[in-house]
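Student: Sharing input-v3.cif (mmCIF, C-alpha atoms and all ligand atoms) below.
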```
data_target
loop_
_atom_site.group_PDB
_atom_site.id
_atom_site.type_symbol
_atom_site.label_atom_id
_atom_site.label_comp_id
_atom_site.auth_asym_id
_atom_site.auth_seq_id
_atom_site.Cartn_x
_atom_site.Cartn_y
_atom_site.Cartn_z
ATOM 1 C CA MET A 46 -7.750 -0.072 3.006
ATOM 2 C CA GLY A 47 -5.888 -0.200 6.267
ATOM 3 C CA LEU A 48 -2.892 -1.471 8.145
ATOM 4 C CA VAL A 49 -2.139 -4.932 6.809
ATOM 5 C CA THR A 50 0.463 -7.621 7.419
ATOM 6 C CA THR A 51 2.893 -8.782 4.736
ATOM 7 C CA LYS A 52 1.123 -12.136 4.336
ATOM 8 C CA GLU A 53 -0.880 -11.431 1.182
ATOM 9 C CA MET A 54 1.721 -9.078 -0.279
ATOM 10 C CA PHE A 55 4.479 -11.671 0.023
ATOM 11 C CA ALA A 56 2.292 -14.528 -1.198
ATOM 12 C CA LYS A 57 1.798 -12.559 -4.416
ATOM 13 C CA ALA A 58 5.416 -11.442 -4.719
ATOM 14 C CA LEU A 59 6.972 -14.852 -4.009
ATOM 15 C CA ASN A 60 8.113 -16.587 -7.193
ATOM 16 C CA SER A 61 7.294 -13.512 -9.237
ATOM 17 C CA ASP A 62 9.481 -10.942 -10.948
ATOM 18 C CA TYR A 63 8.882 -8.090 -8.519
ATOM 19 C CA ALA A 64 9.457 -7.233 -4.861
ATOM 20 C CA VAL A 65 7.754 -4.998 -2.327
ATOM 21 C CA GLY A 66 9.702 -1.877 -1.369
ATOM 22 C CA ALA A 67 10.255 -1.333 2.345
ATOM 23 C CA PHE A 68 11.114 2.291 2.932
ATOM 24 C CA ASN A 69 12.382 3.769 6.206
ATOM 25 C CA VAL A 70 10.409 6.673 7.651
ATOM 26 C CA ASN A 71 11.447 9.340 10.141
ATOM 27 C CA ASN A 72 9.090 12.272 9.636
ATOM 28 C CA MET A 73 5.942 13.503 7.909
ATOM 29 C CA GLU A 74 7.511 14.607 4.629
ATOM 30 C CA ILE A 75 9.201 11.238 4.148
ATOM 31 C CA VAL A 76 5.928 9.384 4.811
ATOM 32 C CA GLN A 77 4.037 11.657 2.397
ATOM 33 C CA GLY A 78 6.636 11.410 -0.376
ATOM 34 C CA ILE A 79 6.631 7.605 -0.172
ATOM 35 C CA VAL A 80 2.876 7.057 -0.024
ATOM 36 C CA ASP A 81 2.218 9.508 -2.855
ATOM 37 C CA ALA A 82 4.657 7.557 -5.032
ATOM 38 C CA ALA A 83 3.123 4.181 -4.094
ATOM 39 C CA LYS A 84 -0.349 5.499 -4.820
ATOM 40 C CA GLU A 85 0.621 6.864 -8.216
ATOM 41 C CA GLU A 86 2.359 3.590 -9.102
ATOM 42 C CA ASN A 87 -0.425 1.467 -7.619
ATOM 43 C CA ALA A 88 2.247 -0.515 -5.780
ATOM 44 C CA PRO A 89 2.263 -2.558 -2.555
ATOM 45 C CA LEU A 90 4.034 -0.762 0.289
ATOM 46 C CA ILE A 91 5.880 -1.399 3.547
ATOM 47 C CA LEU A 92 6.788 1.561 5.765
ATOM 48 C CA GLN A 93 9.419 0.687 8.307
ATOM 49 C CA VAL A 94 10.530 2.338 11.501
ATOM 50 C CA SER A 95 13.924 1.722 13.099
ATOM 51 C CA ALA A 96 14.597 2.037 16.825
ATOM 52 C CA GLY A 97 16.464 5.260 16.013
ATOM 53 C CA ALA A 98 13.511 6.630 14.051
ATOM 54 C CA ARG A 99 11.165 5.690 16.885
ATOM 55 C CA LYS A 100 13.360 7.521 19.353
ATOM 56 C CA TYR A 101 13.746 10.565 17.072
ATOM 57 C CA ALA A 102 10.068 11.008 16.182
ATOM 58 C CA ARG A 103 8.745 9.529 19.463
ATOM 59 C CA PRO A 104 6.689 6.315 19.226
ATOM 60 C CA ALA A 105 3.157 7.696 18.822
ATOM 61 C CA TYR A 106 4.024 10.072 15.989
ATOM 62 C CA LEU A 107 5.120 7.638 13.304
ATOM 63 C CA THR A 108 2.253 5.246 14.028
ATOM 64 C CA LYS A 109 -0.235 8.096 13.745
ATOM 65 C CA LEU A 110 1.452 9.435 10.599
ATOM 66 C CA VAL A 111 1.087 6.055 8.937
ATOM 67 C CA GLU A 112 -2.559 5.882 10.021
ATOM 68 C CA ALA A 113 -3.027 9.364 8.524
ATOM 69 C CA ALA A 114 -1.347 8.238 5.301
ATOM 70 C CA ILE A 115 -3.816 5.350 5.009
ATOM 71 C CA GLU A 116 -6.752 7.695 5.563
ATOM 72 C CA ASP A 117 -5.357 10.193 3.059
ATOM 73 C CA THR A 118 -4.447 7.758 0.268
ATOM 74 C CA GLY A 119 -6.728 4.755 0.753
ATOM 75 C CA LEU A 120 -3.695 2.456 0.477
ATOM 76 C CA ASP A 121 -3.079 -0.797 2.326
ATOM 77 C CA ILE A 122 0.183 -0.300 4.207
ATOM 78 C CA VAL A 123 2.368 -2.573 6.332
ATOM 79 C CA LEU A 124 3.823 -0.858 9.419
ATOM 80 C CA HIS A 125 7.044 -2.688 10.187
ATOM 81 C CA LEU A 126 9.694 -2.465 12.912
ATOM 82 C CA ASP A 127 13.130 -2.458 11.274
ATOM 83 C CA HIS A 128 16.008 -4.175 13.144
ATOM 84 C CA GLY A 129 14.355 -4.783 16.520
ATOM 85 C CA GLU A 130 17.278 -5.865 18.673
ATOM 86 C CA ASP A 131 15.455 -7.528 21.546
ATOM 87 C CA PHE A 132 12.129 -8.996 22.622
ATOM 88 C CA ASP A 133 11.164 -5.836 24.463
ATOM 89 C CA ILE A 134 11.113 -3.467 21.473
ATOM 90 C CA CYS A 135 9.323 -6.068 19.338
ATOM 91 C CA LYS A 136 6.664 -6.482 22.033
ATOM 92 C CA LYS A 137 6.241 -2.712 22.352
ATOM 93 C CA CYS A 138 5.700 -2.357 18.607
ATOM 94 C CA VAL A 139 3.241 -5.269 18.513
ATOM 95 C CA ASP A 140 1.366 -3.611 21.382
ATOM 96 C CA ASP A 141 1.469 -0.244 19.560
ATOM 97 C CA GLY A 142 -0.276 -1.655 16.485
ATOM 98 C CA PHE A 143 2.609 -2.505 14.142
ATOM 99 C CA THR A 144 1.575 -5.278 11.759
ATOM 100 C CA SER A 145 5.092 -6.643 11.253
ATOM 101 C CA VAL A 146 8.275 -6.709 13.336
ATOM 102 C CA MET A 147 11.847 -7.652 12.621
ATOM 103 C CA ILE A 148 13.813 -9.370 15.348
ATOM 104 C CA ASP A 149 17.439 -8.967 14.352
ATOM 105 C CA GLY A 150 19.311 -11.646 16.264
ATOM 106 C CA SER A 151 22.070 -11.785 13.659
ATOM 107 C CA LYS A 152 24.739 -10.646 16.120
ATOM 108 C CA HIS A 153 24.019 -13.667 18.327
ATOM 109 C CA GLU A 154 25.166 -17.255 17.943
ATOM 110 C CA PHE A 155 22.858 -19.550 15.940
ATOM 111 C CA GLU A 156 21.091 -21.171 18.929
ATOM 112 C CA GLU A 157 20.651 -17.853 20.720
ATOM 113 C CA ASN A 158 19.259 -16.254 17.559
ATOM 114 C CA ILE A 159 16.783 -19.140 17.266
ATOM 115 C CA ALA A 160 15.652 -18.851 20.894
ATOM 116 C CA LEU A 161 15.183 -15.071 20.663
ATOM 117 C CA THR A 162 13.395 -15.244 17.308
ATOM 118 C CA LYS A 163 11.101 -18.018 18.556
ATOM 119 C CA LYS A 164 10.085 -15.951 21.573
ATOM 120 C CA VAL A 165 9.201 -12.979 19.346
ATOM 121 C CA VAL A 166 7.339 -15.210 16.862
ATOM 122 C CA GLU A 167 5.209 -16.696 19.663
ATOM 123 C CA TYR A 168 4.213 -13.280 20.987
ATOM 124 C CA ALA A 169 3.708 -11.637 17.578
ATOM 125 C CA HIS A 170 1.718 -14.488 16.065
ATOM 126 C CA ALA A 171 -0.550 -14.592 19.111
ATOM 127 C CA HIS A 172 -1.376 -10.957 18.242
ATOM 128 C CA GLY A 173 -1.768 -11.432 14.473
ATOM 129 C CA VAL A 174 1.592 -9.815 13.680
ATOM 130 C CA VAL A 175 4.170 -11.274 11.276
ATOM 131 C CA VAL A 176 7.895 -11.568 11.972
ATOM 132 C CA GLU A 177 11.051 -11.105 9.916
ATOM 133 C CA ALA A 178 14.335 -12.473 11.269
ATOM 134 C CA GLU A 179 17.934 -12.300 10.068
ATOM 135 C CA LEU A 180 20.568 -14.949 9.665
ATOM 136 C CA GLY A 181 24.102 -14.108 8.586
ATOM 137 C CA LYS A 182 25.737 -10.730 9.068
ATOM 138 C CA LEU A 183 25.691 -7.685 6.834
ATOM 139 C CA ALA A 184 29.142 -6.112 6.798
ATOM 140 C CA GLY A 185 30.160 -2.818 5.282
ATOM 141 C CA VAL A 186 33.462 -1.695 3.818
ATOM 142 C CA GLU A 187 33.612 0.628 6.792
ATOM 143 C CA ASP A 188 34.118 -2.486 8.905
ATOM 144 C CA ASN A 189 37.391 -2.977 7.032
ATOM 145 C CA ILE A 190 36.626 -6.579 6.219
ATOM 146 C CA LYS A 191 38.208 -8.070 3.099
ATOM 147 C CA VAL A 192 35.880 -9.617 0.488
ATOM 148 C CA ASP A 193 36.856 -13.232 1.285
ATOM 149 C CA ALA A 194 36.370 -12.594 5.003
ATOM 150 C CA ARG A 195 33.024 -10.958 4.261
ATOM 151 C CA SER A 196 31.691 -14.123 2.664
ATOM 152 C CA ALA A 197 32.424 -15.975 5.913
ATOM 153 C CA THR A 198 29.566 -14.024 7.425
ATOM 154 C CA PHE A 199 27.106 -14.741 4.589
ATOM 155 C CA THR A 200 23.986 -16.801 5.295
ATOM 156 C CA VAL A 201 24.586 -20.566 5.158
ATOM 157 C CA PRO A 202 21.702 -22.126 3.155
ATOM 158 C CA GLU A 203 21.319 -25.270 5.298
ATOM 159 C CA GLU A 204 21.324 -23.163 8.463
ATOM 160 C CA ALA A 205 18.661 -20.914 6.943
ATOM 161 C CA ALA A 206 16.421 -23.934 6.325
ATOM 162 C CA GLU A 207 16.892 -25.175 9.903
ATOM 163 C CA PHE A 208 16.381 -21.667 11.297
ATOM 164 C CA VAL A 209 13.049 -21.144 9.540
ATOM 165 C CA ALA A 210 11.774 -24.622 10.459
ATOM 166 C CA ARG A 211 12.646 -24.186 14.139
ATOM 167 C CA THR A 212 11.467 -20.581 14.593
ATOM 168 C CA GLY A 213 8.340 -20.448 12.434
ATOM 169 C CA VAL A 214 9.417 -17.026 11.223
ATOM 170 C CA ASP A 215 7.432 -15.496 8.323
ATOM 171 C CA SER A 216 10.309 -14.040 6.301
ATOM 172 C CA LEU A 217 14.093 -14.146 6.443
ATOM 173 C CA ALA A 218 16.706 -11.460 5.820
ATOM 174 C CA VAL A 219 19.821 -12.944 4.250
ATOM 175 C CA ALA A 220 23.406 -11.783 3.963
ATOM 176 C CA ILE A 221 24.711 -12.202 0.407
ATOM 177 C CA GLY A 222 26.993 -9.170 0.110
ATOM 178 C CA THR A 223 24.850 -6.078 0.646
ATOM 179 C CA SER A 224 25.470 -3.756 3.572
ATOM 180 C CA HIS A 225 23.875 -0.701 5.146
ATOM 181 C CA GLY A 226 24.774 2.885 4.316
ATOM 182 C CA ALA A 227 26.414 4.625 1.368
ATOM 183 C CA TYR A 228 29.731 2.744 1.282
ATOM 184 C CA LYS A 229 28.948 -0.822 0.297
ATOM 185 C CA PHE A 230 31.851 -1.956 -1.873
ATOM 186 C CA LYS A 231 35.439 -0.830 -2.232
ATOM 187 C CA GLY A 232 36.064 -2.516 -5.573
ATOM 188 C CA GLU A 233 33.679 -4.288 -7.926
ATOM 189 C CA PRO A 234 30.196 -4.767 -6.442
ATOM 190 C CA TYR A 235 29.591 -8.441 -5.717
ATOM 191 C CA LEU A 236 26.494 -10.311 -4.562
ATOM 192 C CA ASP A 237 26.462 -14.076 -4.044
ATOM 193 C CA PHE A 238 23.502 -15.033 -6.270
ATOM 194 C CA GLU A 239 24.442 -18.723 -6.196
ATOM 195 C CA ARG A 240 24.013 -18.703 -2.439
ATOM 196 C CA LEU A 241 20.744 -16.796 -2.734
ATOM 197 C CA GLU A 242 19.413 -19.391 -5.169
ATOM 198 C CA GLN A 243 20.458 -22.230 -2.834
ATOM 199 C CA ILE A 244 18.613 -20.581 0.051
ATOM 200 C CA HIS A 245 15.551 -20.060 -2.144
ATOM 201 C CA LYS A 246 15.643 -23.697 -3.289
ATOM 202 C CA LEU A 247 15.722 -24.956 0.297
ATOM 203 C CA LEU A 248 13.064 -22.454 1.370
ATOM 204 C CA PRO A 249 10.770 -22.080 -1.648
ATOM 205 C CA ASP A 250 7.862 -20.846 0.478
ATOM 206 C CA THR A 251 9.773 -18.345 2.597
ATOM 207 C CA PRO A 252 9.902 -14.736 1.412
ATOM 208 C CA LEU A 253 13.509 -13.520 1.545
ATOM 209 C CA VAL A 254 14.495 -9.985 2.473
ATOM 210 C CA LEU A 255 17.354 -7.900 1.117
ATOM 211 C CA HIS A 256 18.676 -5.293 3.518
ATOM 212 C CA GLY A 257 21.216 -2.678 2.507
ATOM 213 C CA ALA A 258 19.689 -2.483 -0.958
ATOM 214 C CA SER A 259 20.187 1.201 -1.741
ATOM 215 C CA THR A 260 21.761 1.755 -5.128
ATOM 216 C CA VAL A 261 23.374 5.081 -4.147
ATOM 217 C CA LEU A 262 22.958 6.634 -7.577
ATOM 218 C CA PRO A 263 26.063 8.685 -8.438
ATOM 219 C CA GLU A 264 23.941 11.659 -9.547
ATOM 220 C CA PHE A 265 22.577 12.104 -6.016
ATOM 221 C CA VAL A 266 25.985 11.771 -4.411
ATOM 222 C CA ALA A 267 27.312 14.262 -6.966
ATOM 223 C CA ARG A 268 24.462 16.665 -6.250
ATOM 224 C CA CYS A 269 25.083 16.485 -2.506
ATOM 225 C CA ASN A 270 28.792 17.082 -3.091
ATOM 226 C CA GLU A 271 28.174 19.850 -5.609
ATOM 227 C CA TYR A 272 26.274 21.797 -2.977
ATOM 228 C CA GLY A 273 28.878 21.495 -0.259
ATOM 229 C CA GLY A 274 28.465 17.899 0.853
ATOM 230 C CA ASN A 275 31.468 15.670 1.520
ATOM 231 C CA ILE A 276 30.600 12.053 0.743
ATOM 232 C CA PRO A 277 33.304 10.856 -1.657
ATOM 233 C CA GLY A 278 33.646 7.185 -2.577
ATOM 234 C CA ALA A 279 30.021 6.277 -1.919
ATOM 235 C CA GLN A 280 29.009 3.134 -3.795
ATOM 236 C CA GLY A 281 25.729 1.231 -3.757
ATOM 237 C CA VAL A 282 24.319 -1.973 -5.198
ATOM 238 C CA PRO A 283 23.943 -1.665 -8.990
ATOM 239 C CA GLU A 284 20.270 -1.555 -9.977
ATOM 240 C CA PRO A 285 20.385 -4.683 -12.202
ATOM 241 C CA MET A 286 21.581 -6.692 -9.176
ATOM 242 C CA ILE A 287 18.446 -5.808 -7.244
ATOM 243 C CA LEU A 288 16.297 -6.818 -10.207
ATOM 244 C CA GLU A 289 18.202 -10.101 -10.326
ATOM 245 C CA ALA A 290 17.759 -10.779 -6.586
ATOM 246 C CA VAL A 291 14.029 -10.273 -6.982
ATOM 247 C CA LYS A 292 13.937 -13.329 -9.265
ATOM 248 C CA HIS A 293 15.436 -15.577 -6.561
ATOM 249 C CA GLY A 294 12.938 -15.389 -3.723
ATOM 250 C CA VAL A 295 13.555 -11.814 -2.562
ATOM 251 C CA CYS A 296 10.132 -10.333 -1.788
ATOM 252 C CA LYS A 297 11.138 -7.336 0.337
ATOM 253 C CA VAL A 298 13.836 -4.813 -0.535
ATOM 254 C CA ASN A 299 14.927 -2.339 2.162
ATOM 255 C CA ILE A 300 15.759 1.204 1.168
ATOM 256 C CA ASP A 301 16.799 4.033 3.451
ATOM 257 C CA THR A 302 20.118 5.534 2.328
ATOM 258 C CA ASP A 303 18.770 6.474 -1.119
ATOM 259 C CA LEU A 304 15.944 8.434 0.512
ATOM 260 C CA ARG A 305 18.404 10.243 2.759
ATOM 261 C CA LEU A 306 20.568 11.167 -0.206
ATOM 262 C CA ALA A 307 17.644 12.354 -2.332
ATOM 263 C CA MET A 308 16.271 14.501 0.469
ATOM 264 C CA THR A 309 19.598 15.948 1.540
ATOM 265 C CA ALA A 310 20.623 16.775 -2.034
ATOM 266 C CA GLU A 311 17.463 18.857 -2.454
ATOM 267 C CA ILE A 312 17.778 20.659 0.868
ATOM 268 C CA ARG A 313 21.427 21.466 0.155
ATOM 269 C CA ARG A 314 20.553 22.756 -3.300
ATOM 270 C CA PHE A 315 17.717 24.889 -1.989
ATOM 271 C CA MET A 316 19.801 26.393 0.810
ATOM 272 C CA ILE A 317 22.624 27.350 -1.534
ATOM 273 C CA GLU A 318 20.328 28.714 -4.249
ATOM 274 C CA HIS A 319 18.042 30.613 -1.829
ATOM 275 C CA PRO A 320 20.193 31.954 0.986
ATOM 276 C CA GLU A 321 17.500 34.532 1.792
ATOM 277 C CA GLU A 322 14.831 31.888 2.642
ATOM 278 C CA PHE A 323 14.200 30.570 6.138
ATOM 279 C CA ASP A 324 10.706 29.099 5.873
ATOM 280 C CA PRO A 325 11.044 25.301 6.448
ATOM 281 C CA ARG A 326 8.129 24.649 4.116
ATOM 282 C CA LYS A 327 10.115 26.169 1.273
ATOM 283 C CA TYR A 328 12.909 23.600 1.504
ATOM 284 C CA MET A 329 10.870 20.685 2.808
ATOM 285 C CA SER A 330 8.533 20.825 -0.231
ATOM 286 C CA PRO A 331 11.247 20.036 -2.806
ATOM 287 C CA ALA A 332 12.720 17.530 -0.350
ATOM 288 C CA ARG A 333 9.366 15.728 -0.182
ATOM 289 C CA ASP A 334 9.105 15.826 -3.991
ATOM 290 C CA ALA A 335 12.590 14.305 -4.195
ATOM 291 C CA ILE A 336 11.528 11.436 -1.921
ATOM 292 C CA LYS A 337 8.493 10.836 -4.101
ATOM 293 C CA ALA A 338 10.556 10.828 -7.308
ATOM 294 C CA MET A 339 13.114 8.453 -5.799
ATOM 295 C CA VAL A 340 10.465 6.013 -4.557
ATOM 296 C CA GLN A 341 8.655 6.135 -7.887
ATOM 297 C CA HIS A 342 11.922 5.347 -9.664
ATOM 298 C CA LYS A 343 12.502 2.394 -7.302
ATOM 299 C CA ILE A 344 9.009 1.002 -7.730
ATOM 300 C CA LYS A 345 9.105 1.257 -11.524
ATOM 301 C CA ASN A 346 12.689 0.462 -12.446
ATOM 302 C CA VAL A 347 14.287 -1.404 -9.549
ATOM 303 C CA LEU A 348 11.475 -3.362 -7.873
ATOM 304 C CA ASN A 349 9.286 -3.838 -10.951
ATOM 305 C CA ALA A 350 6.320 -3.292 -8.611
ATOM 306 C CA SER A 351 4.078 -0.863 -10.486
ATOM 307 C CA ASN A 352 0.436 -1.997 -10.673
ATOM 308 C CA ARG A 353 1.008 -5.015 -8.395
ATOM 309 C CA ARG A 354 -1.355 -3.858 -5.663
HETATM 310 O O1 LIG B 1 19.178 -0.414 8.598
HETATM 311 C C1 LIG B 1 19.113 0.672 9.142
HETATM 312 C C2 LIG B 1 18.245 1.736 8.596
HETATM 313 O O2 LIG B 1 18.883 2.420 7.550
HETATM 314 C C3 LIG B 1 17.808 2.639 9.698
HETATM 315 O O3 LIG B 1 18.872 3.427 10.133
HETATM 316 O O4 LIG B 1 18.990 3.106 12.594
HETATM 317 O O5 LIG B 1 19.887 5.182 11.498
HETATM 318 O O6 LIG B 1 17.426 4.791 11.635
HETATM 319 P P1 LIG B 1 18.792 4.173 11.560
HETATM 320 P P1 LIG B 2 20.332 0.992 2.883
HETATM 321 O O1 LIG B 2 21.261 1.619 3.878
HETATM 322 O O2 LIG B 2 21.095 0.347 1.778
HETATM 323 O O3 LIG B 2 19.304 1.927 2.387
HETATM 324 O O4 LIG B 2 19.553 -0.194 3.648
HETATM 325 C C1 LIG B 2 18.470 0.089 4.480
HETATM 326 C C2 LIG B 2 18.077 -1.076 5.311
HETATM 327 O O5 LIG B 2 18.500 -2.201 5.124
HETATM 328 C C3 LIG B 2 17.115 -0.820 6.396
HETATM 329 O O6 LIG B 2 16.909 -1.949 7.182
HETATM 330 ZN ZN ZN B 3 18.583 -3.212 7.407
#
```
In structure tokens, write the structure found in this file.
Ligand code: G3H
Ligand code: 13P
Ligand code: ZN

Tutor:
Amino acid sequence: MGLVTTKEMFAKALNSDYAVGAFNVNNMEIVQGIVDAAKEENAPLILQVSAGARKYARPAYLTKLVEAAIEDTGLDIVLHLDHGEDFDICKKCVDDGFTSVMIDGSKHEFEENIALTKKVVEYAHAHGVVVEAELGKLAGVEDNIKVDARSATFTVPEEAAEFVARTGVDSLAVAIGTSHGAYKFKGEPYLDFERLEQIHKLLPDTPLVLHGASTVLPEFVARCNEYGGNIPGAQGVPEPMILEAVKHGVCKVNIDTDLRLAMTAEIRRFMIEHPEEFDPRKYMSPARDAIKAMVQHKIKNVLNASNRR
């Protein structure tokens, strides 16, 4: 048991019918809910920390919480930096003991993205840390981009092959139609599986990563709204689409929004049903249970990752 890199996990998941869940963490209850689910499902696990989460919780806390989770559960866990935007934050996380970092150079031009990614790969690999990079841009409906214009930002398969060869990156996040947050599609959900398959064909040994993979289950949106929330029109990636992506080289599936919704729905419900309570443990307990139930559902039914540890 311990902090591990994604190397073995991805080697097993590549060309299989399951993917490893990468769940975003911000606080203790989220970490506990996730690891308890992974333990019960005997599933491989990546816990990821965004720059915002690092700032919110303060760097030492999340690292120590993940170390505590390993001690408590006996699991092997990958501690991953999500969407590192520059060399500096990637270096800091490598130095802090993360076993995996993402350098997200997707907002840069191709050559600049390559140069930045290469620099991070050199530093991380010298310290035994693996690197995820991103090529192509994830766009949301909130960006007001029409569907045909969205596909202009999708990952180009030939560029992906060149990018991986020139950077030596360990895994690659691709843009095929998913986006971050709760509002992913205005009309019919659409993912470009043909493109995904082309990328996988050109890069059969490279684990692919799907960001923006929350399914935004209507029942959780409805529950949030029922208890005073205001998130109309939320729409995620249908669950069968994630299961399909997993069959085309996707080894890592990123999930954050669904955890936020599950947790918030429970806290809202508790607050409305128990207006007399003010003990944080009273509402954080069901919130933690909701995280666990959501992650267990993902592992079993969306990632097909139960008993793959
Ligand atoms: O992809 C972004 C993740 O959902 C993390 O979001 O930057 O608000 O922590 P955040
Ligand atoms: P969601 O917003 O769909 O949960 O995506 C999370 C993500 O991609 C984190 O990097
Ligand atoms: Zn992401």

Student: Mind giving me the axis-aligned box for ligand LIG 2 (chain B) with 5 Å on every side, centre plus edges in Å to one decimal, as lines of an AutoDock Vina configuration file?

Tutor:
```
center_x = 19.1
center_y = -0.1
center_z = 4.5
size_x = 14.4
size_y = 14.1
size_z = 15.4
```

Student: At a cut-off of 9 Å around ligand ZN 3 (chain B), and using all atoms listed in the file, what residues come up? Please write them as an NGL selection string.

Tutor: :A and (95 or 127-128 or 183 or 218 or 224-225 or 255-258 or 299-301)

Student: In the coordinate frame of the file, compute which residues have an atom within 7 Å of (24.8, -16.5, 3.5) when using only C-alpha atoms, and state them as JSON, numbers by chain.

Tutor: {"A": [181, 198, 199, 200, 201, 202, 219, 220, 221, 240]}

Student: So what does the PyMOL selection byres (((chain A and resi 281-291) around 8) and not hetatm) actually pick up in this one, as a PyMOL selection string?

Tutor: chain A and resi 61-64+223+227-230+234+236+238+241+258-262+279-280+292-296+347-349

Student: Using all atoms listed in the file, can you list as a PDB file with C-alpha atoms, in the coordinates of the input the residues within 9 Å of (13.3, 3.3, 8.4)?

Tutor:
```
ATOM      1  CA  ALA A  67      10.255  -1.333   2.345  1.00  0.00           C
ATOM      2  CA  PHE A  68      11.114   2.291   2.932  1.00  0.00           C
ATOM      3  CA  ASN A  69      12.382   3.769   6.206  1.00  0.00           C
ATOM      4  CA  VAL A  70      10.409   6.673   7.651  1.00  0.00           C
ATOM      5  CA  ASN A  71      11.447   9.340  10.141  1.00  0.00           C
ATOM      6  CA  LEU A  92       6.788   1.561   5.765  1.00  0.00           C
ATOM      7  CA  GLN A  93       9.419   0.687   8.307  1.00  0.00           C
ATOM      8  CA  VAL A  94      10.530   2.338  11.501  1.00  0.00           C
ATOM      9  CA  SER A  95      13.924   1.722  13.099  1.00  0.00           C
ATOM     10  CA  ALA A  96      14.597   2.037  16.825  1.00  0.00           C
ATOM     11  CA  GLY A  97      16.464   5.260  16.013  1.00  0.00           C
ATOM     12  CA  ALA A  98      13.511   6.630  14.051  1.00  0.00           C
ATOM     13  CA  HIS A 125       7.044  -2.688  10.187  1.00  0.00           C
ATOM     14  CA  LEU A 126       9.694  -2.465  12.912  1.00  0.00           C
ATOM     15  CA  ASP A 127      13.130  -2.458  11.274  1.00  0.00           C
ATOM     16  CA  ASN A 299      14.927  -2.339   2.162  1.00  0.00           C
ATOM     17  CA  ILE A 300      15.759   1.204   1.168  1.00  0.00           C
ATOM     18  CA  ASP A 301      16.799   4.033   3.451  1.00  0.00           C
TER      19      ASP A 301
END
```

Student: Give me the residues near Val139 (chain A) as a list in words, where near means some atom within 10 Å (using all atoms listed in the file) and where sequence neighbours in that chain fewer than 5 positions away do not count.

Tutor: His125, Leu126, Asp133, Ile134, Thr144, Ser145, Val146, Val165, Tyr168, Ala169, His170, His172, Gly173, Val174 and Val175 of chain A

Student: Quick check, in Å to one decimal: how far apart do CA of Glu177 (chain A) and CA of Asp237 (chain A) lie?

Tutor: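 Calculated distance between CA of Glu177 (chain A) and CA of Asp237 (chain A) is 21.0 Å.
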
Student: Can you turn the PyMOL selection byres (((chain A and resi 276) around 10) and not hetatm) into a concrete residue list for this file, as a CSV table (one decimal) with C-alpha atoms, in the frame of the given file?

Tutor:
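Contents of the output file result-v3.csv:
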```csv
chain,number,residue,atom,x,y,z
A,227,ALA,CA,26.4,4.6,1.4
A,228,TYR,CA,29.7,2.7,1.3
A,266,VAL,CA,26.0,11.8,-4.4
A,267,ALA,CA,27.3,14.3,-7.0
A,269,CYS,CA,25.1,16.5,-2.5
A,270,ASN,CA,28.8,17.1,-3.1
A,273,GLY,CA,28.9,21.5,-0.3
A,274,GLY,CA,28.5,17.9,0.9
A,275,ASN,CA,31.5,15.7,1.5
A,277,PRO,CA,33.3,10.9,-1.7
A,278,GLY,CA,33.6,7.2,-2.6
A,279,ALA,CA,30.0,6.3,-1.9
```

Student: Kindly resolve the PyMOL selection byres (((chain A and resi 110-112) around 12) and not hetatm) on the present coordinates and return the residues as a VMD selection string.

Tutor: chain A and resid 46 to 49 69 to 77 79 to 80 90 to 94 102 to 109 113 to 125 142 to 144

Student: Please save C-alpha atoms of the selected residues as a CSV table (one decimal), in the frame of the given file.

Tutor:
```csv
chain,number,residue,atom,x,y,z
A,46,MET,CA,-7.8,-0.1,3.0
A,47,GLY,CA,-5.9,-0.2,6.3
A,48,LEU,CA,-2.9,-1.5,8.1
A,49,VAL,CA,-2.1,-4.9,6.8
A,69,ASN,CA,12.4,3.8,6.2
A,70,VAL,CA,10.4,6.7,7.7
A,71,ASN,CA,11.4,9.3,10.1
A,72,ASN,CA,9.1,12.3,9.6
A,73,MET,CA,5.9,13.5,7.9
A,74,GLU,CA,7.5,14.6,4.6
A,75,ILE,CA,9.2,11.2,4.1
A,76,VAL,CA,5.9,9.4,4.8
A,77,GLN,CA,4.0,11.7,2.4
A,79,ILE,CA,6.6,7.6,-0.2
A,80,VAL,CA,2.9,7.1,0.0
A,90,LEU,CA,4.0,-0.8,0.3
A,91,ILE,CA,5.9,-1.4,3.5
A,92,LEU,CA,6.8,1.6,5.8
A,93,GLN,CA,9.4,0.7,8.3
A,94,VAL,CA,10.5,2.3,11.5
A,102,ALA,CA,10.1,11.0,16.2
A,103,ARG,CA,8.7,9.5,19.5
A,104,PRO,CA,6.7,6.3,19.2
A,105,ALA,CA,3.2,7.7,18.8
A,106,TYR,CA,4.0,10.1,16.0
A,107,LEU,CA,5.1,7.6,13.3
A,108,THR,CA,2.3,5.2,14.0
A,109,LYS,CA,-0.2,8.1,13.7
A,113,ALA,CA,-3.0,9.4,8.5
A,114,ALA,CA,-1.3,8.2,5.3
A,115,ILE,CA,-3.8,5.4,5.0
A,116,GLU,CA,-6.8,7.7,5.6
A,117,ASP,CA,-5.4,10.2,3.1
A,118,THR,CA,-4.4,7.8,0.3
A,119,GLY,CA,-6.7,4.8,0.8
A,120,LEU,CA,-3.7,2.5,0.5
A,121,ASP,CA,-3.1,-0.8,2.3
A,122,ILE,CA,0.2,-0.3,4.2
A,123,VAL,CA,2.4,-2.6,6.3
A,124,LEU,CA,3.8,-0.9,9.4
A,125,HIS,CA,7.0,-2.7,10.2
A,142,GLY,CA,-0.3,-1.7,16.5
A,143,PHE,CA,2.6,-2.5,14.1
A,144,THR,CA,1.6,-5.3,11.8
```
